[in-house]
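Worksheet for the structure shown next.
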Amino acid sequence: MALIDIDNERHLVEQQDILIAELNHRVKNAFTVGKLIVNQSLRNTEASNAVRDTIDQRLDAYAQAHSKLIGNHWGRASILDIATDTVGHIAEGRITMTGPKIEVPSQSVMALSMAFYELATNAMKHCSLSDPKGRVELDWQTVTPDQTRLNCVGRNGPAPVVPSKKGSGSKIINQILVAEGYGNVSID
């Protein structure tokens with residue numbers, strides 16, 4: 001029989017949990033301060049309330065993704081959890097989400113969260129979710145062990161209109177997802 005003293009390891013794990021909680025608290029405070037700085041900077045400008053709300057909502061979506069990571073100790077998170085946390089509250093159940101359980105690494109969580117948020121808000125403003133009968137279907141599937149396909153399709157909304165220029169949402173989606181190594185993004 002062998003006895004192994006694990007008190008030191010247990011103490012280290014407790015210290016790590018305390019540090020993670022402190023980091024989470026500080027990052028949440030940083031998001032709050034960032035929002036305050038942006039709002040104060042825009043206070044005496046011609047920026048509309050819609051611009052302010054958009055910035056606040058984008059920062060909130062990013063903060064929500066961060067909180068999800070803290071719950072997982074910066075490991076991995078499932079696509080379903082990311083999508084639910086980011087857009088589950090938008091459009092009162094008119095967004096369906098389906099796909100196999102696929103977990104992505106922490107750096108991808110932030111990118112997917114921002115992409116889901118931009119897709120949902122675009123659908124609310126310009127596409128299917130701008131109509132009370134409109135719906136969005138978000139699904140994902142594994143193509144290869146290293147490749148996942150994400151699809152976001154609007155139904156029962158106004159007829160699509162090709163924009164005269166790309167908006168900031170599509171730029172964010174392209175830049176963030178490509179930067180995280182997701183290959184290519186196709187929006188049509």
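Convention: chains lettered A, B, ... in structure tokens order; per-chain residue numbering from 1; ligands numbered from 1 as shown.
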
(request) Would you return as a PyMOL selection string the members of range 13-185 of chain A that DSSP assigns to strand (DSSP E) on this structure's backbone? (result) chain A and resi 76-78+95-98+103-105+135-144+147-155

(request) Give the alpha helix (DSSP H) residues of range 38-183 of chain A, as DSSP finds them on the backbone, and put them as a VMD selection string. (result) chain A and resid 38 to 43 49 to 71 79 to 87 106 to 126 168 to 179

(request) Identify, on the basis of only C-alpha atoms, every residue whose closest approach to Ser78 in chain A does not exceed 10 Å; exclude the query and any residue fewer than 5 positions from it along the same chain; express the result as a PyMOL selection string. (result) chain A and resi 83-84+100-105+109

Based on the selection just made, write N, CA and C atoms of those residues as a PDB file, in the first residue's frame.
```pdb
ATOM      1  N   ALA A  83     -23.905  29.630 -29.115  1.00  0.00           N
ATOM      2  CA  ALA A  83     -25.040  30.202 -29.841  1.00  0.00           C
ATOM      3  C   ALA A  83     -26.194  30.538 -28.890  1.00  0.00           C
ATOM      4  N   THR A  84     -26.488  29.638 -27.968  1.00  0.00           N
ATOM      5  CA  THR A  84     -27.580  29.877 -27.020  1.00  0.00           C
ATOM      6  C   THR A  84     -27.295  31.090 -26.158  1.00  0.00           C
ATOM      7  N   PRO A 100     -24.551  18.626 -34.181  1.00  0.00           N
ATOM      8  CA  PRO A 100     -23.933  17.698 -33.232  1.00  0.00           C
ATOM      9  C   PRO A 100     -23.150  18.461 -32.169  1.00  0.00           C
ATOM     10  N   LYS A 101     -22.858  17.779 -31.076  1.00  0.00           N
ATOM     11  CA  LYS A 101     -22.052  18.413 -30.029  1.00  0.00           C
ATOM     12  C   LYS A 101     -20.629  18.547 -30.557  1.00  0.00           C
ATOM     13  N   ILE A 102     -20.258  19.786 -30.817  1.00  0.00           N
ATOM     14  CA  ILE A 102     -18.907  20.109 -31.272  1.00  0.00           C
ATOM     15  C   ILE A 102     -18.371  21.145 -30.314  1.00  0.00           C
ATOM     16  N   GLU A 103     -17.243  20.857 -29.723  1.00  0.00           N
ATOM     17  CA  GLU A 103     -16.602  21.817 -28.836  1.00  0.00           C
ATOM     18  C   GLU A 103     -15.449  22.481 -29.571  1.00  0.00           C
ATOM     19  N   VAL A 104     -15.316  23.769 -29.316  1.00  0.00           N
ATOM     20  CA  VAL A 104     -14.253  24.548 -29.964  1.00  0.00           C
ATOM     21  C   VAL A 104     -13.332  25.120 -28.888  1.00  0.00           C
ATOM     22  N   PRO A 105     -12.076  25.379 -29.241  1.00  0.00           N
ATOM     23  CA  PRO A 105     -11.139  25.937 -28.264  1.00  0.00           C
ATOM     24  C   PRO A 105     -11.494  27.377 -27.903  1.00  0.00           C
ATOM     25  N   VAL A 109     -14.236  30.582 -29.331  1.00  0.00           N
ATOM     26  CA  VAL A 109     -15.475  30.949 -28.659  1.00  0.00           C
ATOM     27  C   VAL A 109     -15.782  32.426 -28.883  1.00  0.00           C
TER      28      VAL A 109
END
```

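For the pair CA of Pro160 in chain A and CA of Ala123 in chain A, the separation is 10.6 Å.
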
(request) Using CA of Val153 in chain A and CA of Val136 in chain A as the two end points, give the distance in Å to one decimal. (result) 5.6 Å

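With only C-alpha atoms taken into account, the protein and nucleic acid residues at most 12 Å from Gly93 in chain A (excluding it and anything under 4 positions from it in its own chain) are A:Thr84, A:Val87, A:Gly88, A:His89, A:Met97, A:Leu129, A:Pro132, A:Lys133, A:Gly134, A:Arg135, A:Val136, A:Glu137.
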
(request) Find, counting only C-alpha atoms, the residue in A:Ala77, A:Val38, A:Ala111, A:Ala61 that gets nearest to Asn174 in chain A. (result)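 The closest residue to Asn174 in chain A is A:Ala111.
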
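The neighbours of Leu112 in chain A here are the residues that come within 10 Å of it, using only C-alpha atoms and leaving out any residue fewer than 5 positions away in the same chain; they are A:Tyr62, A:Ala65, A:Ile79, A:Ile82, A:Ala83, A:Thr86, A:Val104, A:Gln107, A:Tyr117, A:Glu118, A:Leu150, A:Ile173, A:Ile176, A:Leu177, A:Glu180, A:Tyr182.
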
Export of prior selection with C-alpha atoms as a PDB file, in the first residue's frame:
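Generated file (part.pdb):
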```
ATOM      1  CA  TYR A  62     -18.201  39.798 -26.235  1.00  0.00           C
ATOM      2  CA  ALA A  65     -18.599  34.934 -24.499  1.00  0.00           C
ATOM      3  CA  ILE A  79     -21.152  25.572 -30.421  1.00  0.00           C
ATOM      4  CA  ILE A  82     -22.061  29.666 -27.539  1.00  0.00           C
ATOM      5  CA  ALA A  83     -25.040  30.202 -29.841  1.00  0.00           C
ATOM      6  CA  THR A  86     -25.226  34.817 -27.595  1.00  0.00           C
ATOM      7  CA  VAL A 104     -14.253  24.548 -29.964  1.00  0.00           C
ATOM      8  CA  GLN A 107      -9.974  31.435 -28.981  1.00  0.00           C
ATOM      9  CA  TYR A 117     -24.376  38.169 -32.621  1.00  0.00           C
ATOM     10  CA  GLU A 118     -23.768  40.005 -35.901  1.00  0.00           C
ATOM     11  CA  LEU A 150     -21.965  26.667 -40.035  1.00  0.00           C
ATOM     12  CA  ILE A 173     -17.802  38.350 -39.319  1.00  0.00           C
ATOM     13  CA  ILE A 176     -12.916  37.623 -36.952  1.00  0.00           C
ATOM     14  CA  LEU A 177     -13.658  34.207 -38.411  1.00  0.00           C
ATOM     15  CA  GLU A 180      -9.308  32.576 -36.149  1.00  0.00           C
ATOM     16  CA  TYR A 182     -12.022  29.348 -40.066  1.00  0.00           C
TER      17      TYR A 182
END
```
